[in-house]
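Participant: Here you go, run.pdb (PDB, C-alpha atoms):
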MODEL        1
ATOM      1  CA  MET A   9      23.277  54.598   9.712
ATOM      2  CA  SER A  10      21.899  52.084  12.212
ATOM      3  CA  ASP A  11      20.469  55.025  14.185
ATOM      4  CA  LEU A  12      18.278  55.920  11.206
ATOM      5  CA  LEU A  13      16.953  52.378  11.005
ATOM      6  CA  GLU A  14      16.329  52.302  14.754
ATOM      7  CA  ALA A  15      14.153  55.393  14.333
ATOM      8  CA  ALA A  16      12.310  53.600  11.517
ATOM      9  CA  ILE A  17      11.632  50.635  13.808
ATOM     10  CA  LEU A  18      10.212  52.942  16.501
ATOM     11  CA  LEU A  19       7.942  54.567  13.926
ATOM     12  CA  LYS A  20       6.819  51.136  12.711
ATOM     13  CA  GLU A  21       6.011  49.980  16.242
ATOM     14  CA  ALA A  22       4.035  53.192  16.841
ATOM     15  CA  GLY A  23       1.996  52.680  13.684
ATOM     16  CA  LEU A  24       3.623  55.624  11.902
ATOM     17  CA  LEU A  25       5.470  53.647   9.245
ATOM     18  CA  ASP A  26       4.442  50.825   6.927
ATOM     19  CA  VAL A  27       6.896  49.686   4.270
ATOM     20  CA  SER A  28       5.449  46.206   3.842
ATOM     21  CA  GLY A  29       4.380  47.021   0.298
ATOM     22  CA  ALA A  30       7.690  48.517  -0.776
ATOM     23  CA  GLY A  31       8.865  46.941  -4.020
ATOM     24  CA  HIS A  32       5.465  45.389  -4.725
ATOM     25  CA  GLY A  33       3.677  48.416  -6.120
ATOM     26  CA  ALA A  34       1.878  49.207  -2.879
ATOM     27  CA  GLU A  35       2.037  52.649  -1.308
ATOM     28  CA  VAL A  36       4.458  53.188   1.578
ATOM     29  CA  TYR A  37       2.938  54.893   4.615
ATOM     30  CA  ALA A  38       5.423  57.376   6.089
ATOM     31  CA  PRO A  39       3.746  60.489   7.539
ATOM     32  CA  VAL A  40       6.748  61.211   9.787
ATOM     33  CA  GLY A  41      10.208  61.839   8.375
ATOM     34  CA  ILE A  42      13.487  60.571   9.824
ATOM     35  CA  VAL A  43      16.003  63.375  10.386
ATOM     36  CA  PRO A  44      19.641  62.465  11.107
ATOM     37  CA  LEU A  45      21.656  64.837  13.298
ATOM     38  CA  PHE A  46      25.326  65.393  12.510
ATOM     39  CA  GLU A  47      27.038  67.373  15.236
ATOM     40  CA  THR A  48      30.532  66.218  16.205
ATOM     41  CA  ILE A  49      33.392  67.039  13.838
ATOM     42  CA  ASP A  50      33.692  63.388  12.854
ATOM     43  CA  ASP A  51      29.960  63.054  12.184
ATOM     44  CA  LEU A  52      29.952  66.218  10.097
ATOM     45  CA  GLN A  53      32.834  64.914   8.000
ATOM     46  CA  ARG A  54      31.067  61.570   7.462
ATOM     47  CA  GLY A  55      27.527  62.930   7.135
ATOM     48  CA  SER A  56      27.364  62.786   3.352
ATOM     49  CA  SER A  57      28.589  59.183   3.152
ATOM     50  CA  ILE A  58      26.186  58.123   5.915
ATOM     51  CA  LEU A  59      23.254  59.666   4.070
ATOM     52  CA  GLN A  60      24.223  58.065   0.769
ATOM     53  CA  GLU A  61      24.602  54.646   2.432
ATOM     54  CA  ALA A  62      21.137  55.003   3.937
ATOM     55  CA  LEU A  63      19.601  56.023   0.621
ATOM     56  CA  ALA A  64      21.222  52.986  -1.013
ATOM     57  CA  LEU A  65      19.048  50.750   1.190
ATOM     58  CA  PRO A  66      15.767  50.049  -0.659
ATOM     59  CA  VAL A  67      13.682  50.208   2.517
ATOM     60  CA  TYR A  68      15.018  53.619   3.549
ATOM     61  CA  ARG A  69      14.815  54.962   0.005
ATOM     62  CA  SER A  70      11.169  53.914  -0.103
ATOM     63  CA  ILE A  71      10.522  56.034   2.992
ATOM     64  CA  VAL A  72      12.143  59.076   1.396
ATOM     65  CA  SER A  73      10.273  58.438  -1.862
ATOM     66  CA  ALA A  74       6.984  58.268   0.023
ATOM     67  CA  ARG A  75       7.740  61.719   1.392
ATOM     68  CA  GLY A  76       8.184  63.266  -2.052
ATOM     69  CA  GLN A  77      11.918  62.539  -2.245
ATOM     70  CA  HIS A  78      12.342  64.981   0.643
ATOM     71  CA  GLN A  79      15.092  64.444   3.212
ATOM     72  CA  GLU A  80      15.820  66.752   6.111
ATOM     73  CA  VAL A  81      19.226  66.746   7.820
ATOM     74  CA  MET A  82      19.977  68.532  11.088
ATOM     75  CA  LEU A  83      23.361  70.138  11.712
ATOM     76  CA  GLY A  84      24.453  70.712  15.308
ATOM     77  CA  TYR A  85      26.425  73.779  16.365
ATOM     78  CA  SER A  86      26.839  73.430  20.123
ATOM     79  CA  ASP A  87      28.616  70.076  20.360
ATOM     80  CA  SER A  88      30.665  70.697  17.229
ATOM     81  CA  ASN A  89      32.076  73.860  18.816
ATOM     82  CA  LYS A  90      32.839  71.989  22.039
ATOM     83  CA  ASP A  91      34.345  69.141  20.043
ATOM     84  CA  GLY A  92      36.747  71.060  17.818
ATOM     85  CA  GLY A  93      36.731  74.758  18.655
ATOM     86  CA  TYR A  94      35.043  77.654  16.874
ATOM     87  CA  LEU A  95      36.935  77.766  13.571
ATOM     88  CA  ALA A  96      37.192  74.002  13.052
ATOM     89  CA  ALA A  97      33.522  73.515  13.901
ATOM     90  CA  ASN A  98      32.223  76.217  11.588
ATOM     91  CA  TRP A  99      34.366  75.037   8.709
ATOM     92  CA  ALA A 100      33.294  71.424   9.314
ATOM     93  CA  LEU A 101      29.679  72.604   9.144
ATOM     94  CA  TYR A 102      30.328  74.448   5.877
ATOM     95  CA  ARG A 103      32.126  71.467   4.339
ATOM     96  CA  ALA A 104      29.354  69.129   5.521
ATOM     97  CA  GLU A 105      26.769  71.276   3.771
ATOM     98  CA  LEU A 106      28.750  71.232   0.528
ATOM     99  CA  ASP A 107      29.045  67.441   0.702
ATOM    100  CA  LEU A 108      25.367  66.960   1.567
ATOM    101  CA  VAL A 109      24.291  69.186  -1.326
ATOM    102  CA  GLU A 110      26.404  67.080  -3.676
ATOM    103  CA  ALA A 111      24.970  63.858  -2.200
ATOM    104  CA  ALA A 112      21.458  65.182  -2.772
ATOM    105  CA  ARG A 113      22.306  65.964  -6.385
ATOM    106  CA  LYS A 114      23.722  62.474  -6.961
ATOM    107  CA  THR A 115      20.808  60.651  -5.333
ATOM    108  CA  GLY A 116      18.026  62.830  -6.724
ATOM    109  CA  ILE A 117      16.530  63.867  -3.395
ATOM    110  CA  ARG A 118      15.350  67.253  -2.222
ATOM    111  CA  LEU A 119      17.496  68.256   0.750
ATOM    112  CA  ARG A 120      16.500  70.647   3.500
ATOM    113  CA  LEU A 121      19.068  71.560   6.130
ATOM    114  CA  PHE A 122      17.976  72.125   9.728
ATOM    115  CA  HIS A 123      20.409  74.356  11.618
ATOM    116  CA  GLY A 124      20.481  73.701  15.360
ATOM    117  CA  ARG A 125      21.783  77.157  16.252
ATOM    118  CA  GLY A 126      21.800  78.679  19.719
ATOM    119  CA  GLY A 127      21.788  82.218  21.001
ATOM    120  CA  THR A 128      25.497  82.549  21.771
ATOM    121  CA  VAL A 129      28.298  82.733  19.213
ATOM    122  CA  GLY A 130      29.719  79.452  20.550
ATOM    123  CA  ARG A 131      26.443  77.766  19.626
ATOM    124  CA  GLY A 132      26.148  79.231  16.149
ATOM    125  CA  GLY A 133      24.395  82.403  17.288
ATOM    126  CA  GLY A 134      24.624  85.831  15.716
ATOM    127  CA  PRO A 135      22.578  87.761  13.141
ATOM    128  CA  SER A 136      20.298  85.284  11.342
ATOM    129  CA  TYR A 137      20.403  87.311   8.109
ATOM    130  CA  ASP A 138      24.188  87.061   7.871
ATOM    131  CA  ALA A 139      24.134  83.396   8.883
ATOM    132  CA  ILE A 140      21.750  82.477   6.062
ATOM    133  CA  LEU A 141      23.725  84.449   3.484
ATOM    134  CA  ALA A 142      26.860  82.624   4.658
ATOM    135  CA  GLN A 143      25.469  79.250   3.582
ATOM    136  CA  PRO A 144      27.370  77.513   0.762
ATOM    137  CA  PRO A 145      26.012  77.430  -2.797
ATOM    138  CA  GLY A 146      22.954  75.203  -3.157
ATOM    139  CA  ALA A 147      22.426  74.746   0.580
ATOM    140  CA  VAL A 148      19.212  76.773   0.828
ATOM    141  CA  LYS A 149      17.191  76.347  -2.390
ATOM    142  CA  GLY A 150      14.052  78.036  -1.124
ATOM    143  CA  SER A 151      13.859  76.549   2.347
ATOM    144  CA  LEU A 152      15.768  75.824   5.527
ATOM    145  CA  ARG A 153      15.005  75.349   9.193
ATOM    146  CA  ILE A 154      16.646  77.048  12.137
ATOM    147  CA  THR A 155      16.105  76.783  15.865
ATOM    148  CA  GLU A 156      15.410  79.866  17.948
ATOM    149  CA  GLN A 157      16.625  79.112  21.468
ATOM    150  CA  GLY A 158      14.753  80.225  24.562
ATOM    151  CA  GLU A 159      17.298  82.862  25.471
ATOM    152  CA  VAL A 160      16.649  84.843  22.262
ATOM    153  CA  ILE A 161      12.915  84.282  21.688
ATOM    154  CA  ALA A 162      11.863  87.185  23.910
ATOM    155  CA  ALA A 163      14.394  89.511  22.294
ATOM    156  CA  LYS A 164      13.258  88.626  18.768
ATOM    157  CA  TYR A 165       9.546  87.911  19.021
ATOM    158  CA  ALA A 166       8.026  89.361  22.207
ATOM    159  CA  GLU A 167       6.998  92.609  20.501
ATOM    160  CA  PRO A 168       4.896  92.248  17.308
ATOM    161  CA  ARG A 169       6.763  94.824  15.216
ATOM    162  CA  ILE A 170      10.146  93.357  16.133
ATOM    163  CA  ALA A 171       8.835  89.837  15.433
ATOM    164  CA  HIS A 172       7.574  90.969  12.021
ATOM    165  CA  ARG A 173      10.942  92.541  11.259
ATOM    166  CA  ASN A 174      12.825  89.373  12.240
ATOM    167  CA  LEU A 175      10.584  87.165  10.118
ATOM    168  CA  GLU A 176      10.932  89.602   7.221
ATOM    169  CA  THR A 177      14.715  89.417   7.582
ATOM    170  CA  LEU A 178      14.676  85.597   7.554
ATOM    171  CA  LEU A 179      12.546  85.556   4.412
ATOM    172  CA  ALA A 180      14.742  88.118   2.631
ATOM    173  CA  ALA A 181      17.924  86.185   3.447
ATOM    174  CA  THR A 182      16.380  82.911   2.267
ATOM    175  CA  LEU A 183      15.375  84.446  -1.065
ATOM    176  CA  GLU A 184      18.773  86.083  -1.564
ATOM    177  CA  SER A 185      20.706  82.927  -0.688
ATOM    178  CA  THR A 186      18.525  80.921  -3.074
ATOM    179  CA  LEU A 187      18.663  83.260  -6.057
ATOM    180  CA  LEU A 188      22.083  84.927  -5.822
ATOM    181  CA  ASP A 189      25.690  83.802  -5.769
ATOM    182  CA  VAL A 190      26.289  85.151  -2.273
ATOM    183  CA  GLU A 191      29.623  83.354  -1.878
ATOM    184  CA  GLY A 192      31.016  84.967  -5.023
ATOM    185  CA  LEU A 193      34.138  82.789  -5.266
ATOM    186  CA  GLY A 194      33.400  81.284  -8.667
ATOM    187  CA  ASP A 195      36.374  79.302  -9.977
ATOM    188  CA  GLU A 196      38.446  80.404  -6.979
ATOM    189  CA  ALA A 197      36.406  78.354  -4.504
ATOM    190  CA  GLU A 198      38.605  75.250  -4.245
ATOM    191  CA  PRO A 199      41.883  77.086  -3.488
ATOM    192  CA  ALA A 200      40.050  79.065  -0.794
ATOM    193  CA  TYR A 201      38.565  75.852   0.595
ATOM    194  CA  GLN A 202      42.017  74.276   0.797
ATOM    195  CA  VAL A 203      43.320  77.218   2.819
ATOM    196  CA  LEU A 204      40.412  76.879   5.242
ATOM    197  CA  ASP A 205      40.985  73.116   5.479
ATOM    198  CA  GLU A 206      44.528  73.792   6.667
ATOM    199  CA  LEU A 207      43.534  76.583   9.045
ATOM    200  CA  ALA A 208      40.744  74.471  10.552
ATOM    201  CA  ALA A 209      43.104  71.532  11.140
ATOM    202  CA  LEU A 210      45.614  73.814  12.893
ATOM    203  CA  ALA A 211      42.872  75.436  14.956
ATOM    204  CA  GLN A 212      41.453  72.089  16.043
ATOM    205  CA  ARG A 213      44.927  70.918  17.070
ATOM    206  CA  SER A 214      45.501  74.079  19.142
ATOM    207  CA  TYR A 215      42.060  73.752  20.739
ATOM    208  CA  ALA A 216      42.712  70.113  21.668
ATOM    209  CA  GLU A 217      46.105  70.992  23.156
ATOM    210  CA  LEU A 218      44.523  73.638  25.371
ATOM    211  CA  VAL A 219      41.300  71.922  26.433
ATOM    212  CA  HIS A 220      42.216  68.246  26.478
ATOM    213  CA  GLU A 221      45.964  68.158  26.991
ATOM    214  CA  THR A 222      46.721  71.045  29.352
ATOM    215  CA  PRO A 223      46.924  69.684  32.941
ATOM    216  CA  GLY A 224      44.378  71.323  35.219
ATOM    217  CA  PHE A 225      42.618  73.292  32.483
ATOM    218  CA  VAL A 226      39.151  71.871  33.171
ATOM    219  CA  GLU A 227      39.496  72.481  36.913
ATOM    220  CA  TYR A 228      40.694  76.039  36.257
ATOM    221  CA  PHE A 229      37.821  76.689  33.848
ATOM    222  CA  LYS A 230      35.222  75.478  36.355
ATOM    223  CA  ALA A 231      36.760  77.563  39.137
ATOM    224  CA  SER A 232      37.204  80.800  37.190
ATOM    225  CA  THR A 233      33.914  80.940  35.250
ATOM    226  CA  PRO A 234      30.240  80.759  36.301
ATOM    227  CA  VAL A 235      29.648  77.702  34.099
ATOM    228  CA  SER A 236      28.034  75.724  36.949
ATOM    229  CA  GLU A 237      25.678  78.593  37.821
ATOM    230  CA  ILE A 238      24.738  79.094  34.165
ATOM    231  CA  GLY A 239      24.057  75.381  33.810
ATOM    232  CA  ALA A 240      21.737  75.467  36.816
ATOM    233  CA  LEU A 241      19.567  78.319  35.476
TER
ENDMDL
END
Write the structure described by the file as structure tokens, please.
Facilitator:
Amino acid sequence: MSDLLEAAILLKEAGLLDVSGAGHGAEVYAPVGIVPLFETIDDLQRGSSILQEALALPVYRSIVSARGQHQEVMLGYSDSNKDGGYLAANWALYRAELDLVEAARKTGIRLRLFHGRGGTVGRGGGPSYDAILAQPPGAVKGSLRITEQGEVIAAKYAEPRIAHRNLETLLAATLESTLLDVEGLGDEAEPAYQVLDELAALAQRSYAELVHETPGFVEYFKASTPVSEIGAL
């Protein structure tokens, strides 16, 4: 939570935030929003509580109120996959969204989720249409943000007709996810969630045993893959 307040201080020093009149009837000046990023598994699991603690502070709540009760939250895909493995990371992201949606309902804010996806599967990549439809109930509500990484921009937007088709697909998925019950679990959601909780915990344990606890794994990975060359591109 202190990171959010540090951002507020920077905005204040730059003349982009004035909360001096908060609580005294004066208008708060906040043309720039503060967007927390939750990316590691631990941060994703604590994201909802962090946001609620921030909103409980009168000064931070006044900033959100000045922006029409609108709060954007960014979710990171790359580091979460490196932190816990593919299954654990994606389930942590899904759970984080559910918790953030509930926090928004409790605190009366309008939440918009910002998905920091990459081009590769390990960074949340894949068909954008399917990714948007895979969002949990209440996570879209008419708007969301996604990143389009450099490695996929040319493939998606270099040719006008393809760009139009991609934008059309994003719009269609956003409308469908907002208006329809795309998850379709109904009353069966919680038992399914519990199964995924268990699977994700087992997957994260297996990932940690391989990556962090297997002697020589990192050296082998560096020697047998072009990771250094890719990083230097």
Participant: Starting from the point (0.3, 53.9, 4.7), work out which residues of protein, DNA or RNA have an atom no more than 10 Å away when counting only C-alpha atoms; state them as a list in words.
Facilitator: Gly23, Leu24, Leu25, Asp26, Val27, Ser28, Gly29, Ala34, Glu35, Val36, Tyr37, Ala38, Pro39 and Ala74 of chain A
Participant: Translate the PyMOL selection byres ((chain A and resi 12) around 9), as applied to the file shown, into an explicit residue set as a ChimeraX atom specification.
Facilitator: /A:9-11,13-17,42-44,62,68
Participant: Using CA of Asp138 in chain A and CA of Ala97 in chain A as the two end points, give the distance in Å to one decimal.
Facilitator: 17.5 Å
Participant: Starting from the shown file, work through the PyMOL selection byres ((chain A and resi 107) around 12) and note down what comes out as a PyMOL selection string.
Facilitator: chain A and resi 52-60+100-106+108-114+119+144-147
Participant: With C-alpha atoms retained, write the just-selected residues as a compact mmCIF listing (two decimals), keeping the file's coordinate frame.
Facilitator:
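Okay, part-v1.txt is ready:
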# COMPACT_ATOMS: atom_id res chain seq x y z
CA LEU A 52 29.95 66.22 10.10
CA GLN A 53 32.83 64.91 8.00
CA ARG A 54 31.07 61.57 7.46
CA GLY A 55 27.53 62.93 7.14
CA SER A 56 27.36 62.79 3.35
CA SER A 57 28.59 59.18 3.15
CA ILE A 58 26.19 58.12 5.92
CA LEU A 59 23.25 59.67 4.07
CA GLN A 60 24.22 58.06 0.77
CA ALA A 100 33.29 71.42 9.31
CA LEU A 101 29.68 72.60 9.14
CA TYR A 102 30.33 74.45 5.88
CA ARG A 103 32.13 71.47 4.34
CA ALA A 104 29.35 69.13 5.52
CA GLU A 105 26.77 71.28 3.77
CA LEU A 106 28.75 71.23 0.53
CA LEU A 108 25.37 66.96 1.57
CA VAL A 109 24.29 69.19 -1.33
CA GLU A 110 26.40 67.08 -3.68
CA ALA A 111 24.97 63.86 -2.20
CA ALA A 112 21.46 65.18 -2.77
CA ARG A 113 22.31 65.96 -6.38
CA LYS A 114 23.72 62.47 -6.96
CA LEU A 119 17.50 68.26 0.75
CA PRO A 144 27.37 77.51 0.76
CA PRO A 145 26.01 77.43 -2.80
CA GLY A 146 22.95 75.20 -3.16
CA ALA A 147 22.43 74.75 0.58
Participant: Give me, as a VMD selection string, all polymer residues having an atom no more than 12 Å from Thr182 in chain A, counting only C-alpha atoms and skipping those fewer than 2 positions away in the same chain.
Facilitator: chain A and resid 136 to 143 146 to 154 175 to 180 184 to 188 190
Participant: Show me as a list in words the residues that reach within 9 Å of (18.4, 58.8, -6.6), counting only C-alpha atoms and using the file's own coordinates.
Facilitator: Leu63, Ala64, Arg69, Gln77, Ala112, Arg113, Lys114, Thr115, Gly116 and Ile117 of chain A
Participant: Suppose you want the space between CA of Arg173 in chain A and CA of Tyr85 in chain A; what is it in Å?
Facilitator: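 Rounded to one decimal, the two atoms are 24.9 Å apart.
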Participant: Which residues come within 8 Å of Gly41 in chain A, counting only C-alpha atoms, excluding same-chain residues fewer than 6 positions away, as a list in words?
Facilitator: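 These residues fall inside the cut-off: Ile71, Val72, Arg75, Gln79 and Glu80 of chain A.
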Participant: Calculated over all atoms listed in the file, which of the candidates A:Gly224, A:Trp99, A:Gln212, A:Lys90 has the smallest distance to Ala200 in chain A?
Facilitator: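 Answer, going by the shortest atom-to-atom distance: A:Trp99.
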Participant: Kindly list the centre and edge lengths in Å, rounded to one decimal, for the axis-aligned box that covers all listed atoms of range 82-93 of chain A plus 4 Å on each of its six sides, as AutoDock Vina command-line options.
Facilitator:
--center_x 28.4 --center_y 71.6 --center_z 16.6 --size_x 24.8 --size_y 14.2 --size_z 19.0
Participant: Which is closer to Glu47 in chain A than all the others in A:Pro66, A:Gly124, A:Gly239, A:Pro135, using all atoms listed in the file?
Facilitator: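 Result for the nearest residue to Glu47 in chain A: A:Gly124.
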Participant: Which residue is closest to Gly76 in chain A? Choose from A:His172, A:Arg118, A:Lys164, A:Lys230 and count all atoms listed in the file.
Facilitator: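 Selected residue with least distance to Gly76 in chain A: A:Arg118.
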Participant: Can you work out the spacing between CA of Gly84 in chain A and CA of Arg125 in chain A in Å, to one decimal?
Facilitator: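 These atoms are spaced 7.0 Å apart.
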Participant: From the set A:Leu218, A:Ile161, A:Leu241, A:Val67, which residue has the shortest atom-to-atom contact distance to Gly92 in chain A, counting only C-alpha atoms?
Facilitator: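 That would be A:Leu218, the residue with the smallest distance to Gly92 in chain A.
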Participant: For the PyMOL selection byres ((chain A and resi 209) around 12), applied here, can you spell out every residue it catches as a ChimeraX atom specification?
Facilitator: /A:49,92-100,202-208,210-216
Participant: With distances taken over all atoms listed in the file, which residue among A:Ala163, A:Val40, A:Arg120, A:Phe46 lies nearest Ala22 in chain A?
Facilitator: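 Counting all atoms listed in the file, the residue closest to Ala22 in chain A is A:Val40.
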